[in-house]
Amino acid sequence: STFDVAVVGAGIVGLAAARELVRRHPALALAVLEKEREPAYHQSGHNSGVIHSGIYYKPGSLKAKLCVQGAALCYEYCDQKGIPYKRCGKLIVAVEQDEIPRLKALYERGLQNNVPGLKLIGAKEIQAKEPFCRGLMALDSPYTGIVNYKQVAQSYAEDFQEAGGTILTDFEVTNMEMAKESSSESEDGLKYPVVVRNSKGEEIYCRHIVTCAGLYSDRLSEISGCSPEPRIVPFRGDYLVLKPEKCYMVKGNIYPVPNPRFPFLGFHFTPRMDGSVWLGPNAVLAFKREGYKLFDFSTGDFLDAVTYSGLWKLVLRNLSYGLSEMYRACFLSAQVKQLQKFIPEVTVNDVLRGPSGVRAQALDSDGNLVDDFVFDGGSGDIGSRILHVRNAPSPAATSSLAIAKMIADEVQRRFEL
């Protein structure tokens, strides 16, 4: 029950970080604390499975740098471990004339980010790659792929345990405090001065903590005495799936040209490793942080979201977009209409309602989406012993091995391991 470093959260980022730490510091005792009974239970196991190439992100941002590095590391890792993936590519397709300048700007951005293999193609080349897709111009990203991230995360967990790390599941962290014996009067204090308790009252003792808690990153920060900002607001994304007999219509990823006025990427076609094709997702406020079903509700989570001024500022700025997303969430035909812009042959009879995921969207008090990765700690006895990974949005799964290196560097710098 004593550890040098405890990582809270066994999602793909937490596991990648723990794996990197144990590889760099094999003599240290390391633990991962996870509230569920298995790793990768939430965002890491409820995503579209795309290995992103790094096109969208602002040049020079952590997102851009870590995504390009992370994609290369992800492919390399899957090759080493024999984890199946497909480099099926992605087309970002302009279907209206006014989207073409934005598409060209995206191409320039991708080049600045050193994304390999990018090229702009015309209508005939689009059809050569995706026979059922219609568009005026597309950005072709052959480096984009698909993988089962739950399988990747479980492989990280195995690596970590094989290197001597400990994973404690069913361990929901509810409290962190300094052990009473390590008061300032004591000359050395304890070797493991931080007490971490779970919801059952069980305790572990450690020297340092790294939190990678996704949907609960703000709450863990708060209970450790660090800043509650940025706040996490959960957005549920519902997918449709193509009926198996219609999957032949989609070969690779097909995405719309993102509209910078709106916060999310829009509906897209995503082939999966099991041969299915996911369509979507939409983006609607979730009334529970882990609410994967339409009527999942938590009073605490709901009040947390709707009493936060940042959410209202975001909603008021994007009111028409938000209402149309809610409308599409209720009516299949409205979602299919979005898809028909790209593949006109898709009909309501070709789709079924599919799985959902919940995105941990970090928001600041001005209602801005926190777009980049955020790492911080705090001051005082506990705050100085904690590193919070506050915001690790998409493409965190793609970037997980690159993020892990950055976390391990930061841990070394802060804690002088």
# chains A, B, ... in the order shown; residues from 1 in each chain; ligands from 1
call {"tool": "residues_around", "arguments": {"residues": "Ala404 (chain A)", "least_positions_apart": "5", "cutoff": "10 Å", "atoms": "only C-alpha atoms", "output": "count of residues only"}}
result
15
call {"tool": "closest_residue", "arguments": {"among": "A:Leu279, A:Ala397, A:Ala105, A:Leu190", "to": "His52 (chain A)", "atoms": "only C-alpha atoms"}}
result
A:Ala397
call {"tool": "residues_around", "arguments": {"residues": "Ile51 (chain A)", "least_positions_apart": "4", "cutoff": "10 Å", "atoms": "only C-alpha atoms", "output": "PDB file with N, CA and C atoms, in the first residue's frame"}}
result
ATOM      1  N   CYS A  67       0.044  14.986 -31.689  1.00  0.00           N
ATOM      2  CA  CYS A  67      -0.727  14.102 -32.562  1.00  0.00           C
ATOM      3  C   CYS A  67       0.154  13.498 -33.656  1.00  0.00           C
ATOM      4  N   GLY A  70       2.488  11.198 -31.945  1.00  0.00           N
ATOM      5  CA  GLY A  70       1.725  10.084 -31.371  1.00  0.00           C
ATOM      6  C   GLY A  70       1.246   9.087 -32.404  1.00  0.00           C
ATOM      7  N   ALA A  71       0.836   9.573 -33.583  1.00  0.00           N
ATOM      8  CA  ALA A  71       0.382   8.667 -34.643  1.00  0.00           C
ATOM      9  C   ALA A  71       1.514   7.743 -35.074  1.00  0.00           C
ATOM     10  N   ALA A  72       2.697   8.321 -35.253  1.00  0.00           N
ATOM     11  CA  ALA A  72       3.864   7.511 -35.650  1.00  0.00           C
ATOM     12  C   ALA A  72       4.176   6.463 -34.577  1.00  0.00           C
ATOM     13  N   CYS A  74       2.086   5.272 -32.361  1.00  0.00           N
ATOM     14  CA  CYS A  74       0.969   4.326 -32.284  1.00  0.00           C
ATOM     15  C   CYS A  74       1.130   3.204 -33.319  1.00  0.00           C
ATOM     16  N   TYR A  75       1.423   3.584 -34.553  1.00  0.00           N
ATOM     17  CA  TYR A  75       1.641   2.573 -35.593  1.00  0.00           C
ATOM     18  C   TYR A  75       2.817   1.653 -35.234  1.00  0.00           C
ATOM     19  N   TYR A  85      -4.406  -3.061 -37.076  1.00  0.00           N
ATOM     20  CA  TYR A  85      -4.907  -1.725 -37.427  1.00  0.00           C
ATOM     21  C   TYR A  85      -5.018  -1.663 -38.935  1.00  0.00           C
ATOM     22  N   LYS A  86      -5.698  -0.647 -39.441  1.00  0.00           N
ATOM     23  CA  LYS A  86      -5.775  -0.442 -40.894  1.00  0.00           C
ATOM     24  C   LYS A  86      -5.445   1.012 -41.186  1.00  0.00           C
ATOM     25  N   ARG A  87      -4.516   1.232 -42.096  1.00  0.00           N
ATOM     26  CA  ARG A  87      -4.225   2.594 -42.526  1.00  0.00           C
ATOM     27  C   ARG A  87      -5.117   2.879 -43.735  1.00  0.00           C
ATOM     28  N   CYS A  88      -6.389   3.087 -43.439  1.00  0.00           N
ATOM     29  CA  CYS A  88      -7.399   3.171 -44.510  1.00  0.00           C
ATOM     30  C   CYS A  88      -7.542   4.575 -45.088  1.00  0.00           C
ATOM     31  N   GLY A  89      -6.881   5.570 -44.474  1.00  0.00           N
ATOM     32  CA  GLY A  89      -6.916   6.931 -45.007  1.00  0.00           C
ATOM     33  C   GLY A  89      -8.184   7.680 -44.646  1.00  0.00           C
ATOM     34  N   TYR A 143      -2.391   8.808 -44.291  1.00  0.00           N
ATOM     35  CA  TYR A 143      -1.745   8.362 -43.057  1.00  0.00           C
ATOM     36  C   TYR A 143      -2.753   8.082 -41.928  1.00  0.00           C
ATOM     37  N   THR A 144      -3.992   8.551 -42.085  1.00  0.00           N
ATOM     38  CA  THR A 144      -5.028   8.314 -41.075  1.00  0.00           C
ATOM     39  C   THR A 144      -5.382   6.832 -41.046  1.00  0.00           C
ATOM     40  N   GLY A 145      -5.623   6.299 -39.867  1.00  0.00           N
ATOM     41  CA  GLY A 145      -5.949   4.875 -39.758  1.00  0.00           C
ATOM     42  C   GLY A 145      -7.030   4.610 -38.729  1.00  0.00           C
ATOM     43  N   ILE A 146      -7.262   3.329 -38.467  1.00  0.00           N
ATOM     44  CA  ILE A 146      -8.220   2.920 -37.437  1.00  0.00           C
ATOM     45  C   ILE A 146      -7.602   1.786 -36.613  1.00  0.00           C
ATOM     46  N   VAL A 147      -8.009   1.740 -35.341  1.00  0.00           N
ATOM     47  CA  VAL A 147      -7.520   0.711 -34.430  1.00  0.00           C
ATOM     48  C   VAL A 147      -8.538   0.570 -33.308  1.00  0.00           C
ATOM     49  N   ASN A 148      -8.462  -0.509 -32.558  1.00  0.00           N
ATOM     50  CA  ASN A 148      -9.302  -0.662 -31.375  1.00  0.00           C
ATOM     51  C   ASN A 148      -8.513  -0.136 -30.173  1.00  0.00           C
ATOM     52  N   TYR A 149      -8.860   1.066 -29.706  1.00  0.00           N
ATOM     53  CA  TYR A 149      -8.072   1.693 -28.641  1.00  0.00           C
ATOM     54  C   TYR A 149      -8.205   0.982 -27.302  1.00  0.00           C
ATOM     55  N   PRO A 395      -7.130  14.622 -30.046  1.00  0.00           N
ATOM     56  CA  PRO A 395      -6.726  13.254 -30.346  1.00  0.00           C
ATOM     57  C   PRO A 395      -5.871  12.601 -29.258  1.00  0.00           C
ATOM     58  N   ALA A 396      -6.359  12.565 -28.016  1.00  0.00           N
ATOM     59  CA  ALA A 396      -5.539  12.029 -26.926  1.00  0.00           C
ATOM     60  C   ALA A 396      -5.215  10.550 -27.112  1.00  0.00           C
ATOM     61  N   ALA A 397      -6.161   9.773 -27.649  1.00  0.00           N
ATOM     62  CA  ALA A 397      -5.886   8.344 -27.842  1.00  0.00           C
ATOM     63  C   ALA A 397      -4.756   8.163 -28.860  1.00  0.00           C
ATOM     64  N   THR A 398      -4.864   8.863 -29.993  1.00  0.00           N
ATOM     65  CA  THR A 398      -3.790   8.829 -30.998  1.00  0.00           C
ATOM     66  C   THR A 398      -2.463   9.258 -30.390  1.00  0.00           C
ATOM     67  N   SER A 399      -2.516  10.309 -29.559  1.00  0.00           N
ATOM     68  CA  SER A 399      -1.303  10.938 -29.035  1.00  0.00           C
ATOM     69  C   SER A 399      -0.787  10.301 -27.758  1.00  0.00           C
TER      70      SER A 399
END
call {"tool": "atom_distance", "arguments": {"atom1": "CA of Asp381 (chain A)", "atom2": "CA of Phe171 (chain A)"}}
result
23.3 Å
call {"tool": "select_by_dssp", "arguments": {"residues": "region 323-364 of chain A", "states": "strand (DSSP E or B)", "output": "NGL selection string"}}
result
:A and (351-363)
call {"tool": "write_last_selection", "arguments": {"atoms": "N, CA and C atoms", "output": "PDB file, in the first residue's frame"}}
result
ATOM      1  N   VAL A 351     -29.679   2.582 -41.926  1.00  0.00           N
ATOM      2  CA  VAL A 351     -28.960   2.880 -40.679  1.00  0.00           C
ATOM      3  C   VAL A 351     -29.726   2.394 -39.457  1.00  0.00           C
ATOM      4  N   LEU A 352     -28.961   2.162 -38.406  1.00  0.00           N
ATOM      5  CA  LEU A 352     -29.527   1.802 -37.098  1.00  0.00           C
ATOM      6  C   LEU A 352     -28.889   2.705 -36.053  1.00  0.00           C
ATOM      7  N   ARG A 353     -29.578   2.879 -34.939  1.00  0.00           N
ATOM      8  CA  ARG A 353     -28.959   3.623 -33.834  1.00  0.00           C
ATOM      9  C   ARG A 353     -27.823   2.792 -33.259  1.00  0.00           C
ATOM     10  N   GLY A 354     -26.700   3.440 -32.985  1.00  0.00           N
ATOM     11  CA  GLY A 354     -25.510   2.719 -32.532  1.00  0.00           C
ATOM     12  C   GLY A 354     -25.081   3.125 -31.135  1.00  0.00           C
ATOM     13  N   PRO A 355     -23.806   2.950 -30.822  1.00  0.00           N
ATOM     14  CA  PRO A 355     -23.303   3.259 -29.478  1.00  0.00           C
ATOM     15  C   PRO A 355     -23.132   4.766 -29.267  1.00  0.00           C
ATOM     16  N   SER A 356     -22.811   5.138 -28.043  1.00  0.00           N
ATOM     17  CA  SER A 356     -22.563   6.541 -27.702  1.00  0.00           C
ATOM     18  C   SER A 356     -21.277   6.657 -26.903  1.00  0.00           C
ATOM     19  N   GLY A 357     -20.704   7.832 -26.949  1.00  0.00           N
ATOM     20  CA  GLY A 357     -19.555   8.146 -26.096  1.00  0.00           C
ATOM     21  C   GLY A 357     -19.811   9.462 -25.395  1.00  0.00           C
ATOM     22  N   VAL A 358     -19.081   9.724 -24.333  1.00  0.00           N
ATOM     23  CA  VAL A 358     -19.202  11.020 -23.649  1.00  0.00           C
ATOM     24  C   VAL A 358     -17.831  11.679 -23.644  1.00  0.00           C
ATOM     25  N   ARG A 359     -17.795  12.893 -24.166  1.00  0.00           N
ATOM     26  CA  ARG A 359     -16.542  13.645 -24.297  1.00  0.00           C
ATOM     27  C   ARG A 359     -16.377  14.548 -23.082  1.00  0.00           C
ATOM     28  N   ALA A 360     -15.218  14.502 -22.474  1.00  0.00           N
ATOM     29  CA  ALA A 360     -14.904  15.394 -21.342  1.00  0.00           C
ATOM     30  C   ALA A 360     -14.442  16.728 -21.907  1.00  0.00           C
ATOM     31  N   GLN A 361     -15.392  17.632 -22.111  1.00  0.00           N
ATOM     32  CA  GLN A 361     -15.038  18.910 -22.714  1.00  0.00           C
ATOM     33  C   GLN A 361     -14.657  19.925 -21.639  1.00  0.00           C
ATOM     34  N   ALA A 362     -13.434  20.399 -21.690  1.00  0.00           N
ATOM     35  CA  ALA A 362     -12.995  21.414 -20.731  1.00  0.00           C
ATOM     36  C   ALA A 362     -13.443  22.785 -21.210  1.00  0.00           C
ATOM     37  N   LEU A 363     -14.058  23.551 -20.275  1.00  0.00           N
ATOM     38  CA  LEU A 363     -14.571  24.892 -20.576  1.00  0.00           C
ATOM     39  C   LEU A 363     -13.997  25.884 -19.583  1.00  0.00           C
TER      40      LEU A 363
END
call {"tool": "closest_residue", "arguments": {"among": "A:Tyr216, A:Tyr255, A:Tyr107, A:Tyr156", "to": "His388 (chain A)", "atoms": "only C-alpha atoms"}}
result
A:Tyr216
call {"tool": "closest_atom_pairs", "arguments": {"of": "region 127-220 of chain A", "to": "region 34-38 of chain A", "cutoff": "8 Å", "atoms": "only C-alpha atoms", "output": "JSON lines"}}
result
{"residue": "A:Ile167", "atom": "CA", "partner": "A:Glu34", "partner_atom": "CA", "distance": 7.5}
{"residue": "A:Leu168", "atom": "CA", "partner": "A:Glu34", "partner_atom": "CA", "distance": 6.2}
{"residue": "A:Thr169", "atom": "CA", "partner": "A:Glu34", "partner_atom": "CA", "distance": 4.7}
{"residue": "A:Asp170", "atom": "CA", "partner": "A:Lys35", "partner_atom": "CA", "distance": 4.5}
{"residue": "A:Phe171", "atom": "CA", "partner": "A:Lys35", "partner_atom": "CA", "distance": 4.4}
{"residue": "A:Glu172", "atom": "CA", "partner": "A:Lys35", "partner_atom": "CA", "distance": 4.0}
{"residue": "A:Val173", "atom": "CA", "partner": "A:Lys35", "partner_atom": "CA", "distance": 7.2}
call {"tool": "select_by_dssp", "arguments": {"residues": "region 58-159 of chain A", "states": "helix (DSSP H, G or I)", "output": "PyMOL selection string"}}
result
chain A and resi 62-81+97-112+123-129+149-159
call {"tool": "write_last_selection", "arguments": {"atoms": "C-alpha atoms", "output": "PDB file, in the first residue's frame"}}
result
ATOM      1  CA  LEU A  62       0.708  20.778 -28.188  1.00  0.00           C
ATOM      2  CA  LYS A  63      -2.196  19.069 -29.962  1.00  0.00           C
ATOM      3  CA  ALA A  64      -0.512  19.387 -33.360  1.00  0.00           C
ATOM      4  CA  LYS A  65       2.925  18.331 -32.162  1.00  0.00           C
ATOM      5  CA  LEU A  66       1.755  15.424 -29.986  1.00  0.00           C
ATOM      6  CA  CYS A  67      -0.727  14.102 -32.562  1.00  0.00           C
ATOM      7  CA  VAL A  68       1.850  13.845 -35.365  1.00  0.00           C
ATOM      8  CA  GLN A  69       4.395  12.245 -33.006  1.00  0.00           C
ATOM      9  CA  GLY A  70       1.725  10.084 -31.371  1.00  0.00           C
ATOM     10  CA  ALA A  71       0.382   8.667 -34.643  1.00  0.00           C
ATOM     11  CA  ALA A  72       3.864   7.511 -35.650  1.00  0.00           C
ATOM     12  CA  LEU A  73       4.409   5.961 -32.190  1.00  0.00           C
ATOM     13  CA  CYS A  74       0.969   4.326 -32.284  1.00  0.00           C
ATOM     14  CA  TYR A  75       1.641   2.573 -35.593  1.00  0.00           C
ATOM     15  CA  GLU A  76       5.083   1.508 -34.390  1.00  0.00           C
ATOM     16  CA  TYR A  77       3.665   0.157 -31.106  1.00  0.00           C
ATOM     17  CA  CYS A  78       0.903  -1.788 -32.864  1.00  0.00           C
ATOM     18  CA  ASP A  79       3.500  -3.335 -35.194  1.00  0.00           C
ATOM     19  CA  GLN A  80       5.658  -4.371 -32.218  1.00  0.00           C
ATOM     20  CA  LYS A  81       2.737  -5.869 -30.302  1.00  0.00           C
ATOM     21  CA  GLN A  97     -18.078  26.002 -53.148  1.00  0.00           C
ATOM     22  CA  ASP A  98     -17.700  28.118 -49.997  1.00  0.00           C
ATOM     23  CA  GLU A  99     -15.986  25.173 -48.249  1.00  0.00           C
ATOM     24  CA  ILE A 100     -13.107  25.043 -50.745  1.00  0.00           C
ATOM     25  CA  PRO A 101     -11.109  27.992 -49.300  1.00  0.00           C
ATOM     26  CA  ARG A 102     -11.436  26.432 -45.828  1.00  0.00           C
ATOM     27  CA  LEU A 103     -10.291  23.078 -47.220  1.00  0.00           C
ATOM     28  CA  LYS A 104      -7.224  24.685 -48.818  1.00  0.00           C
ATOM     29  CA  ALA A 105      -6.428  26.444 -45.530  1.00  0.00           C
ATOM     30  CA  LEU A 106      -6.694  23.075 -43.781  1.00  0.00           C
ATOM     31  CA  TYR A 107      -4.256  21.608 -46.303  1.00  0.00           C
ATOM     32  CA  GLU A 108      -1.757  24.411 -45.545  1.00  0.00           C
ATOM     33  CA  ARG A 109      -2.213  23.822 -41.827  1.00  0.00           C
ATOM     34  CA  GLY A 110      -1.568  20.094 -42.278  1.00  0.00           C
ATOM     35  CA  LEU A 111       1.648  20.858 -44.173  1.00  0.00           C
ATOM     36  CA  GLN A 112       2.781  23.205 -41.374  1.00  0.00           C
ATOM     37  CA  ALA A 123     -14.165  15.073 -57.866  1.00  0.00           C
ATOM     38  CA  LYS A 124     -12.937  12.206 -60.107  1.00  0.00           C
ATOM     39  CA  GLU A 125     -10.183  11.211 -57.683  1.00  0.00           C
ATOM     40  CA  ILE A 126     -12.686  11.305 -54.804  1.00  0.00           C
ATOM     41  CA  GLN A 127     -14.827   8.765 -56.651  1.00  0.00           C
ATOM     42  CA  ALA A 128     -11.806   6.628 -57.473  1.00  0.00           C
ATOM     43  CA  LYS A 129     -11.078   6.353 -53.734  1.00  0.00           C
ATOM     44  CA  TYR A 149      -8.072   1.693 -28.641  1.00  0.00           C
ATOM     45  CA  LYS A 150      -9.428  -0.475 -25.853  1.00  0.00           C
ATOM     46  CA  GLN A 151      -7.079  -3.219 -27.068  1.00  0.00           C
ATOM     47  CA  VAL A 152      -4.198  -0.715 -27.189  1.00  0.00           C
ATOM     48  CA  ALA A 153      -4.951   0.503 -23.642  1.00  0.00           C
ATOM     49  CA  GLN A 154      -5.135  -3.055 -22.311  1.00  0.00           C
ATOM     50  CA  SER A 155      -1.753  -3.752 -23.918  1.00  0.00           C
ATOM     51  CA  TYR A 156      -0.304  -0.685 -22.101  1.00  0.00           C
ATOM     52  CA  ALA A 157      -1.743  -2.110 -18.857  1.00  0.00           C
ATOM     53  CA  GLU A 158      -0.019  -5.458 -19.503  1.00  0.00           C
ATOM     54  CA  ASP A 159       3.300  -3.705 -20.245  1.00  0.00           C
TER      55      ASP A 159
END
call {"tool": "residues_around", "arguments": {"residues": "Leu369 (chain A)", "least_positions_apart": "2", "cutoff": "12 Å", "atoms": "only C-alpha atoms", "output": "PyMOL selection string"}}
result
chain A and resi 230-235+262-264+310-311+313-315+317-318+360-367+371-373+391+393
call {"tool": "residues_around", "arguments": {"residues": "Gln338 (chain A)", "least_positions_apart": "6", "cutoff": "10 Å", "atoms": "only C-alpha atoms", "output": "compact mmCIF listing (two decimals) with N, CA, C and O atoms, in the first residue's frame"}}
result
# COMPACT_ATOMS: atom_id res chain seq x y z
N PRO A 256 -16.51 15.84 -43.04
CA PRO A 256 -16.85 17.13 -43.63
C PRO A 256 -15.72 18.15 -43.39
O PRO A 256 -14.83 17.91 -42.58
N GLY A 266 -18.48 17.72 -36.73
CA GLY A 266 -19.60 17.37 -37.61
C GLY A 266 -19.65 15.88 -37.91
O GLY A 266 -18.76 15.11 -37.54
N PHE A 267 -20.72 15.48 -38.59
CA PHE A 267 -20.96 14.06 -38.89
C PHE A 267 -19.92 13.50 -39.85
O PHE A 267 -19.60 14.12 -40.85
N HIS A 268 -19.42 12.30 -39.54
CA HIS A 268 -18.48 11.66 -40.46
C HIS A 268 -18.72 10.15 -40.53
O HIS A 268 -19.43 9.58 -39.70
N GLY A 280 -21.46 9.58 -37.63
CA GLY A 280 -21.68 10.57 -36.57
C GLY A 280 -20.33 11.02 -36.03
O GLY A 280 -19.33 10.94 -36.74
N ARG A 328 -31.46 16.73 -34.34
CA ARG A 328 -30.91 15.58 -35.05
C ARG A 328 -30.78 14.37 -34.13
O ARG A 328 -30.88 13.23 -34.58
N PRO A 344 -25.07 10.17 -51.33
CA PRO A 344 -26.51 10.37 -51.57
C PRO A 344 -27.34 9.09 -51.46
O PRO A 344 -28.53 9.13 -51.15
call {"tool": "closest_residue", "arguments": {"among": "A:Ile223, A:Ala392, A:Met273, A:Ile83", "to": "Gln43 (chain A)", "atoms": "only C-alpha atoms"}}
result
A:Ala392
call {"tool": "atom_distance", "arguments": {"atom1": "CA of Lys341 (chain A)", "atom2": "CA of Gly237 (chain A)"}}
result
20.1 Å
call {"tool": "atom_distance", "arguments": {"atom1": "CA of Lys251 (chain A)", "atom2": "CA of Pro142 (chain A)"}}
result
12.2 Å
call {"tool": "closest_residue", "arguments": {"among": "A:His208, A:Lys243, A:Lys180, A:Arg289", "to": "Gln412 (chain A)", "atoms": "only C-alpha atoms"}}
result
A:His208
call {"tool": "closest_residue", "arguments": {"among": "A:Glu325, A:Ile92, A:Leu215, A:Gly225", "to": "Glu130 (chain A)", "atoms": "only C-alpha atoms"}}
result
A:Ile92
call {"tool": "closest_residue", "arguments": {"among": "A:Ala6, A:Leu401, A:Ala305, A:Ala138", "to": "Met176 (chain A)", "atoms": "only C-alpha atoms"}}
result
A:Ala6
